[in-house]
$ cat coords-v4.pdb   # PDB, C-alpha atoms and all ligand atoms
ATOM      1  CA  MET S 136      -5.279  12.380  13.729  1.00  0.00           C
ATOM      2  CA  PRO S 137      -7.662  15.207  12.671  1.00  0.00           C
ATOM      3  CA  GLU S 138     -10.948  13.984  11.248  1.00  0.00           C
ATOM      4  CA  ALA S 139     -10.197  15.780   7.951  1.00  0.00           C
ATOM      5  CA  ASN S 140      -7.198  13.472   7.353  1.00  0.00           C
ATOM      6  CA  ARG S 141      -9.293  10.306   7.078  1.00  0.00           C
ATOM      7  CA  VAL S 142      -9.425   8.623   3.669  1.00  0.00           C
ATOM      8  CA  LEU S 143     -11.751   5.782   2.752  1.00  0.00           C
ATOM      9  CA  ILE S 144     -10.238   3.640   0.003  1.00  0.00           C
ATOM     10  CA  LEU S 145     -13.193   1.987  -1.697  1.00  0.00           C
ATOM     11  CA  ASN S 146     -12.901  -0.818  -4.224  1.00  0.00           C
ATOM     12  CA  GLY S 147     -15.657  -2.227  -6.379  1.00  0.00           C
ATOM     13  CA  PRO S 148     -16.507  -5.585  -7.901  1.00  0.00           C
ATOM     14  CA  ASN S 149     -13.913  -8.261  -8.636  1.00  0.00           C
ATOM     15  CA  LEU S 150     -11.063  -6.335  -7.017  1.00  0.00           C
ATOM     16  CA  GLY S 151     -11.148  -8.868  -4.178  1.00  0.00           C
ATOM     17  CA  ARG S 152      -9.905 -11.316  -6.839  1.00  0.00           C
ATOM     18  CA  LEU S 153      -6.615  -9.483  -7.455  1.00  0.00           C
ATOM     19  CA  GLY S 154      -3.764 -11.939  -7.894  1.00  0.00           C
ATOM     20  CA  VAL S 155      -6.082 -14.515  -9.490  1.00  0.00           C
ATOM     21  CA  ARG S 156      -8.012 -12.329 -11.903  1.00  0.00           C
ATOM     22  CA  GLU S 157      -6.318 -11.572 -15.247  1.00  0.00           C
ATOM     23  CA  PRO S 158      -2.839 -11.122 -13.700  1.00  0.00           C
ATOM     24  CA  GLU S 159      -1.471  -9.983 -17.064  1.00  0.00           C
ATOM     25  CA  ILE S 160      -3.659  -6.874 -16.647  1.00  0.00           C
ATOM     26  CA  TYR S 161      -3.987  -6.426 -12.888  1.00  0.00           C
ATOM     27  CA  GLY S 162      -0.748  -7.997 -11.647  1.00  0.00           C
ATOM     28  CA  ALA S 163       0.078 -10.907  -9.325  1.00  0.00           C
ATOM     29  CA  ASP S 164      -0.400  -9.093  -6.021  1.00  0.00           C
ATOM     30  CA  THR S 165      -3.554  -9.713  -3.993  1.00  0.00           C
ATOM     31  CA  PHE S 166      -6.120  -7.393  -2.447  1.00  0.00           C
ATOM     32  CA  ALA S 167      -4.511  -8.101   0.951  1.00  0.00           C
ATOM     33  CA  ASP S 168      -1.215  -6.839  -0.528  1.00  0.00           C
ATOM     34  CA  LEU S 169      -3.000  -3.677  -1.681  1.00  0.00           C
ATOM     35  CA  VAL S 170      -4.449  -3.103   1.800  1.00  0.00           C
ATOM     36  CA  GLU S 171      -0.953  -3.453   3.282  1.00  0.00           C
ATOM     37  CA  ALA S 172       0.564  -1.104   0.695  1.00  0.00           C
ATOM     38  CA  VAL S 173      -2.019   1.664   1.220  1.00  0.00           C
ATOM     39  CA  ALA S 174      -1.636   1.393   5.005  1.00  0.00           C
ATOM     40  CA  GLY S 175       2.111   2.023   4.616  1.00  0.00           C
ATOM     41  CA  TRP S 176       1.631   4.945   2.230  1.00  0.00           C
ATOM     42  CA  GLY S 177      -1.030   6.403   4.520  1.00  0.00           C
ATOM     43  CA  SER S 178       1.307   6.452   7.499  1.00  0.00           C
ATOM     44  CA  GLU S 179       4.136   7.948   5.409  1.00  0.00           C
ATOM     45  CA  LEU S 180       1.807  10.701   4.221  1.00  0.00           C
ATOM     46  CA  GLY S 181       0.057  11.354   7.541  1.00  0.00           C
ATOM     47  CA  VAL S 182      -3.399  10.228   6.446  1.00  0.00           C
ATOM     48  CA  GLU S 183      -5.497   7.581   8.175  1.00  0.00           C
ATOM     49  CA  VAL S 184      -6.629   5.056   5.571  1.00  0.00           C
ATOM     50  CA  ASP S 185      -9.445   2.533   5.725  1.00  0.00           C
ATOM     51  CA  ALA S 186      -9.446   0.189   2.699  1.00  0.00           C
ATOM     52  CA  ARG S 187     -12.534  -1.814   1.776  1.00  0.00           C
ATOM     53  CA  GLN S 188     -13.819  -3.907  -1.140  1.00  0.00           C
ATOM     54  CA  THR S 189     -17.282  -5.019  -2.168  1.00  0.00           C
ATOM     55  CA  ASP S 190     -18.977  -6.617  -5.135  1.00  0.00           C
ATOM     56  CA  ASP S 191     -22.246  -4.963  -4.079  1.00  0.00           C
ATOM     57  CA  GLU S 192     -23.379  -1.635  -5.577  1.00  0.00           C
ATOM     58  CA  SER S 193     -25.572  -0.687  -2.606  1.00  0.00           C
ATOM     59  CA  GLN S 194     -22.669  -1.294  -0.228  1.00  0.00           C
ATOM     60  CA  ILE S 195     -20.329   1.052  -2.072  1.00  0.00           C
ATOM     61  CA  VAL S 196     -23.090   3.696  -2.297  1.00  0.00           C
ATOM     62  CA  GLY S 197     -23.563   3.330   1.481  1.00  0.00           C
ATOM     63  CA  TRP S 198     -19.823   3.783   2.074  1.00  0.00           C
ATOM     64  CA  LEU S 199     -19.886   7.005   0.027  1.00  0.00           C
ATOM     65  CA  HIS S 200     -22.743   8.274   2.223  1.00  0.00           C
ATOM     66  CA  GLU S 201     -20.643   7.319   5.257  1.00  0.00           C
ATOM     67  CA  ALA S 202     -17.705   9.354   3.877  1.00  0.00           C
ATOM     68  CA  VAL S 203     -19.930  12.434   3.604  1.00  0.00           C
ATOM     69  CA  ASP S 204     -21.343  12.009   7.117  1.00  0.00           C
ATOM     70  CA  ALA S 205     -17.930  11.254   8.676  1.00  0.00           C
ATOM     71  CA  ARG S 206     -16.123  14.013   6.678  1.00  0.00           C
ATOM     72  CA  ALA S 207     -13.679  11.502   5.172  1.00  0.00           C
ATOM     73  CA  HIS S 208     -11.998  11.940   1.798  1.00  0.00           C
ATOM     74  CA  VAL S 209     -12.272   9.105  -0.730  1.00  0.00           C
ATOM     75  CA  VAL S 210     -10.019   7.183  -3.085  1.00  0.00           C
ATOM     76  CA  ILE S 211     -12.263   4.960  -5.174  1.00  0.00           C
ATOM     77  CA  ASN S 212     -11.669   2.270  -7.730  1.00  0.00           C
ATOM     78  CA  PRO S 213     -15.262   1.717  -8.865  1.00  0.00           C
ATOM     79  CA  ALA S 214     -14.136  -1.166 -11.129  1.00  0.00           C
ATOM     80  CA  ALA S 215     -16.878  -2.058 -13.633  1.00  0.00           C
ATOM     81  CA  PHE S 216     -19.335   0.298 -11.864  1.00  0.00           C
ATOM     82  CA  THR S 217     -17.161   3.086 -13.328  1.00  0.00           C
ATOM     83  CA  HIS S 218     -18.757   2.587 -16.687  1.00  0.00           C
ATOM     84  CA  TYR S 219     -22.475   2.443 -15.905  1.00  0.00           C
ATOM     85  CA  SER S 220     -23.476   3.053 -12.287  1.00  0.00           C
ATOM     86  CA  TYR S 221     -25.392   6.328 -12.086  1.00  0.00           C
ATOM     87  CA  ALA S 222     -26.190   5.448  -8.453  1.00  0.00           C
ATOM     88  CA  LEU S 223     -22.475   5.409  -7.683  1.00  0.00           C
ATOM     89  CA  ARG S 224     -21.946   8.647  -9.585  1.00  0.00           C
ATOM     90  CA  ASP S 225     -24.730  10.384  -7.663  1.00  0.00           C
ATOM     91  CA  ALA S 226     -23.241   9.186  -4.370  1.00  0.00           C
ATOM     92  CA  ALA S 227     -19.736  10.293  -5.449  1.00  0.00           C
ATOM     93  CA  ALA S 228     -21.142  13.735  -6.336  1.00  0.00           C
ATOM     94  CA  GLN S 229     -22.347  14.120  -2.744  1.00  0.00           C
ATOM     95  CA  VAL S 230     -18.738  13.675  -1.578  1.00  0.00           C
ATOM     96  CA  THR S 231     -17.230  16.377  -3.771  1.00  0.00           C
ATOM     97  CA  THR S 232     -20.131  18.832  -3.462  1.00  0.00           C
ATOM     98  CA  SER S 233     -19.754  18.638   0.307  1.00  0.00           C
ATOM     99  CA  GLY S 234     -16.185  19.921  -0.009  1.00  0.00           C
ATOM    100  CA  LEU S 235     -14.397  16.584   0.358  1.00  0.00           C
ATOM    101  CA  LEU S 236     -11.863  15.165  -2.088  1.00  0.00           C
ATOM    102  CA  LEU S 237     -12.645  12.093  -4.204  1.00  0.00           C
ATOM    103  CA  VAL S 238      -9.964  10.594  -6.427  1.00  0.00           C
ATOM    104  CA  GLU S 239     -10.977   7.960  -8.976  1.00  0.00           C
ATOM    105  CA  VAL S 240      -8.251   5.374  -9.512  1.00  0.00           C
ATOM    106  CA  HIS S 241      -7.727   2.457 -11.867  1.00  0.00           C
ATOM    107  CA  LEU S 242      -4.981  -0.139 -11.911  1.00  0.00           C
ATOM    108  CA  SER S 243      -5.063  -0.425 -15.689  1.00  0.00           C
ATOM    109  CA  ASN S 244      -5.570   2.415 -18.161  1.00  0.00           C
ATOM    110  CA  PRO S 245      -9.158   1.821 -19.295  1.00  0.00           C
ATOM    111  CA  HIS S 246      -8.616   4.075 -22.336  1.00  0.00           C
ATOM    112  CA  THR S 247      -6.223   1.531 -23.845  1.00  0.00           C
ATOM    113  CA  ARG S 248      -8.767  -1.279 -23.471  1.00  0.00           C
ATOM    114  CA  GLU S 249     -12.225  -2.217 -24.801  1.00  0.00           C
ATOM    115  CA  SER S 250     -14.373   0.737 -25.883  1.00  0.00           C
ATOM    116  CA  PHE S 251     -16.968   0.175 -23.145  1.00  0.00           C
ATOM    117  CA  ARG S 252     -14.220   1.041 -20.646  1.00  0.00           C
ATOM    118  CA  HIS S 253     -13.464   4.386 -22.267  1.00  0.00           C
ATOM    119  CA  TYR S 254     -16.294   6.240 -20.544  1.00  0.00           C
ATOM    120  CA  SER S 255     -16.457   6.843 -16.802  1.00  0.00           C
ATOM    121  CA  VAL S 256     -19.682   8.091 -15.242  1.00  0.00           C
ATOM    122  CA  VAL S 257     -17.645   8.974 -12.125  1.00  0.00           C
ATOM    123  CA  SER S 258     -14.903  11.191 -13.617  1.00  0.00           C
ATOM    124  CA  GLY S 259     -17.240  14.150 -14.071  1.00  0.00           C
ATOM    125  CA  VAL S 260     -17.842  14.420 -10.325  1.00  0.00           C
ATOM    126  CA  ALA S 261     -14.355  13.404  -9.128  1.00  0.00           C
ATOM    127  CA  THR S 262     -11.658  15.763  -7.901  1.00  0.00           C
ATOM    128  CA  GLY S 263      -9.269  13.920 -10.211  1.00  0.00           C
ATOM    129  CA  THR S 264      -8.529  10.588 -11.860  1.00  0.00           C
ATOM    130  CA  ILE S 265      -5.364   8.454 -11.891  1.00  0.00           C
ATOM    131  CA  ALA S 266      -5.169   5.356 -14.082  1.00  0.00           C
ATOM    132  CA  GLY S 267      -2.618   2.945 -15.436  1.00  0.00           C
ATOM    133  CA  PHE S 268      -0.008   2.692 -12.666  1.00  0.00           C
ATOM    134  CA  GLY S 269      -1.101  -0.502 -10.919  1.00  0.00           C
ATOM    135  CA  PHE S 270      -0.994  -0.217  -7.123  1.00  0.00           C
ATOM    136  CA  GLN S 271       0.970   3.027  -7.561  1.00  0.00           C
ATOM    137  CA  SER S 272      -2.263   4.659  -8.783  1.00  0.00           C
ATOM    138  CA  TYR S 273      -3.425   4.535  -5.151  1.00  0.00           C
ATOM    139  CA  ARG S 274      -0.169   6.001  -3.860  1.00  0.00           C
ATOM    140  CA  LEU S 275      -0.396   8.877  -6.332  1.00  0.00           C
ATOM    141  CA  ALA S 276      -4.015   9.479  -5.267  1.00  0.00           C
ATOM    142  CA  LEU S 277      -3.033   9.556  -1.583  1.00  0.00           C
ATOM    143  CA  GLN S 278      -0.155  11.925  -2.382  1.00  0.00           C
ATOM    144  CA  GLY S 279      -2.577  14.216  -4.203  1.00  0.00           C
ATOM    145  CA  ILE S 280      -4.946  14.238  -1.232  1.00  0.00           C
ATOM    146  CA  ALA S 281      -2.113  14.772   1.280  1.00  0.00           C
ATOM    147  CA  ALA S 282      -0.775  17.673  -0.805  1.00  0.00           C
ATOM    148  CA  ARG S 283      -4.221  19.312  -0.883  1.00  0.00           C
ATOM    149  CA  LEU S 284      -4.600  18.897   2.866  1.00  0.00           C
ATOM    150  CA  ALA S 285      -1.129  20.258   3.693  1.00  0.00           C
TER     151      ALA S 285
HETATM  152  C1  LIG S 301     -10.476  -1.213 -13.343  1.00  0.00           C
HETATM  153  C2  LIG S 301     -10.844  -1.010 -14.816  1.00  0.00           C
HETATM  154  C3  LIG S 301     -12.302  -1.372 -15.058  1.00  0.00           C
HETATM  155  O1  LIG S 301     -12.628  -1.196 -16.429  1.00  0.00           O
HETATM  156  C4  LIG S 301     -12.562  -2.819 -14.688  1.00  0.00           C
HETATM  157  O2  LIG S 301     -13.933  -3.117 -14.834  1.00  0.00           O
HETATM  158  C5  LIG S 301     -12.057  -3.176 -13.351  1.00  0.00           C
HETATM  159  C6  LIG S 301     -10.793  -2.627 -12.884  1.00  0.00           C
HETATM  160  C7  LIG S 301      -8.977  -1.000 -13.090  1.00  0.00           C
HETATM  161  O3  LIG S 301      -8.621  -0.840 -11.926  1.00  0.00           O
HETATM  162  O4  LIG S 301      -8.168  -0.992 -14.021  1.00  0.00           O
HETATM  163  O5  LIG S 301     -12.643  -4.026 -12.663  1.00  0.00           O
HETATM  164  O6  LIG S 301     -11.211  -0.290 -12.567  1.00  0.00           O
END

$ encode --input "coords-v4.pdb" --output "structure tokens"
Amino acid sequence: MPEANRVLILNGPNLGRLGVREPEIYGADTFADLVEAVAGWGSELGVEVDARQTDDESQIVGWLHEAVDARAHVVINPAAFTHYSYALRDAAAQVTTSGLLLVEVHLSNPHTRESFRHYSVVSGVATGTIAGFGFQSYRLALQGIAARLA
């Protein structure tokens, strides 16, 4: 698989709790189910996916640096970091300014929720944003990346 077809799928805090955490918002499926789903979509679309989750801001910043150095595209659900982490935004900017794609995804549609969720510090440096489709948000993001790479 060419290096340019690698996609890191990065997930921020509390997303390891999928299935237990507010299932009325995030659904009953677990993070392990998400990993399995993205692996299947990746092979259908011809992209090599590597899905990870952390509750740690410095870890997700480090993974964004890794994406730049390894020339991997990124699908990222920054979770709550979306709304206030300038460190994450600055790291995400390094991905897109180095010519790689970065798609911000959300399971829910933050714009329909509390006002503090209405602003994303990441969107302004992302290639695009997909929100509100549950796990399908990730599939749509991978389709967008695959279409750009085709
Ligand atoms: C989320 C939305 C965020 O506001 C929230 O903090 C999350 C999940 C989503 O996927 O809908 O943890 O990113």

$ atom_distance --input "coords-v4.pdb" --atom1 "atom CA of S:Asn146" --atom2 "atom CA of S:Glu249"
20.6 Å

$ residues_near_ligand --input "coords-v4.pdb" --ligand "ligand LIG 301 (chain S)" --cutoff "7 Å" --atoms "all atoms listed in the file" --output "list in words"
Pro148, Asn149, Leu150, Tyr161, Asn212, Pro213, Ala214, Ala215, Thr217, Val240, His241, Leu242, Ser243, Asn244, Pro245, Arg252 and Gly267 of chain S

$ closest_residue --input "coords-v4.pdb" --among "S:Asp185, S:Asp225, S:Glu239, S:Asp191" --to "S:Ile144" --atoms "all atoms listed in the file"
S:Asp185

$ closest_atom_pairs --input "coords-v4.pdb" --of "stretch 223-254 of chain S" --to "stretch 279-283 of chain S" --cutoff "10 Å" --atoms "only C-alpha atoms" --output "JSON lines"
{"residue": "S:Leu235", "atom": "CA", "partner": "S:Ile280", "partner_atom": "CA", "distance": 9.9}
{"residue": "S:Leu236", "atom": "CA", "partner": "S:Ile280", "partner_atom": "CA", "distance": 7.0}
{"residue": "S:Leu237", "atom": "CA", "partner": "S:Ile280", "partner_atom": "CA", "distance": 8.5}
{"residue": "S:Val238", "atom": "CA", "partner": "S:Ile280", "partner_atom": "CA", "distance": 8.1}

$ write_last_selection --input "coords-v4.pdb" --atoms "C-alpha atoms" --output "JSON list (two decimals), in the coordinates of the input"
[["chain", "number", "residue", "atom", "x", "y", "z"],
["S", 235, "LEU", "CA", -14.40, 16.58, 0.36],
["S", 236, "LEU", "CA", -11.86, 15.16, -2.09],
["S", 237, "LEU", "CA", -12.64, 12.09, -4.20],
["S", 238, "VAL", "CA", -9.96, 10.59, -6.43]]

$ axis_aligned_box --input "coords-v4.pdb" --around "stretch 144-159 of chain S" --padding-each-side "3 Å" --output "JSON"
{"center_x": -9.0, "center_y": -5.4, "center_z": -8.5, "size_x": 21.0, "size_y": 24.2, "size_z": 23.1}

$ residues_around --input "coords-v4.pdb" --residues "S:Trp176" --least-positions-apart "4" --cutoff "7 Å" --atoms "all atoms listed in the file" --output "PyMOL selection string"
chain S and resi 172+180+274

$ atom_distance --input "coords-v4.pdb" --atom1 "atom CA of S:Glu159" --atom2 "atom CA of S:Val184"
27.7 Å

$ residues_around --input "coords-v4.pdb" --residues "S:Gly162" --least-positions-apart "2" --cutoff "10 Å" --atoms "all atoms listed in the file" --output "PyMOL selection string"
chain S and resi 153-160+164-165+242-243+269-270

$ atom_distance --input "coords-v4.pdb" --atom1 "atom CA of S:Ala205" --atom2 "atom CA of S:Arg141"
8.8 Å

$ closest_residue --input "coords-v4.pdb" --among "S:Leu143, S:Gly234, S:Gly181, S:Ala167" --to "S:Gln278" --atoms "only C-alpha atoms"
S:Gly181

$ resolve_selection --input "coords-v4.pdb" --expression "the PyMOL selection byres (((chain S and resi 221) around 12) and not hetatm)" --output "list of chain:residue names"
S:Glu192, S:Ser193, S:Val196, S:Pro213, S:Phe216, S:Thr217, S:His218, S:Tyr219, S:Ser220, S:Ala222, S:Leu223, S:Arg224, S:Asp225, S:Ala226, S:Ala227, S:Ala228, S:Ser255, S:Val256, S:Val257, S:Ser258, S:Gly259, S:Val260

$ closest_residue --input "coords-v4.pdb" --among "S:Thr264, S:Ser178, S:Asn140, S:Gln188" --to "S:Arg152" --atoms "only C-alpha atoms"
S:Gln188

$ build_atoms --input "coords-v4.pdb" --residues "stretch 183-194 of chain S" --atoms "N, CA and C atoms" --output "compact mmCIF listing (two decimals), keeping the file's coordinate frame"
# COMPACT_ATOMS: atom_id res chain seq x y z
N GLU S 183 -4.99 8.83 7.60
CA GLU S 183 -5.50 7.58 8.18
C GLU S 183 -6.34 6.89 7.11
N VAL S 184 -5.92 5.72 6.66
CA VAL S 184 -6.63 5.06 5.57
C VAL S 184 -7.46 3.88 6.08
N ASP S 185 -8.54 3.65 5.39
CA ASP S 185 -9.44 2.53 5.72
C ASP S 185 -9.85 1.93 4.38
N ALA S 186 -9.24 0.78 4.02
CA ALA S 186 -9.45 0.19 2.70
C ALA S 186 -10.49 -0.91 2.75
N ARG S 187 -11.42 -0.86 1.81
CA ARG S 187 -12.53 -1.81 1.78
C ARG S 187 -12.79 -2.25 0.33
N GLN S 188 -13.44 -3.41 0.20
CA GLN S 188 -13.82 -3.91 -1.14
C GLN S 188 -15.19 -4.55 -1.05
N THR S 189 -15.99 -4.35 -2.08
CA THR S 189 -17.28 -5.02 -2.17
C THR S 189 -17.64 -5.29 -3.62
N ASP S 190 -18.42 -6.34 -3.81
CA ASP S 190 -18.98 -6.62 -5.14
C ASP S 190 -20.39 -6.04 -5.26
N ASP S 191 -20.85 -5.36 -4.21
CA ASP S 191 -22.25 -4.96 -4.08
C ASP S 191 -22.41 -3.44 -4.29
N GLU S 192 -23.20 -3.05 -5.25
CA GLU S 192 -23.38 -1.64 -5.58
C GLU S 192 -23.95 -0.86 -4.39
N SER S 193 -24.95 -1.44 -3.70
CA SER S 193 -25.57 -0.69 -2.61
C SER S 193 -24.59 -0.50 -1.46
N GLN S 194 -23.68 -1.43 -1.28
CA GLN S 194 -22.67 -1.29 -0.23
C GLN S 194 -21.73 -0.12 -0.52
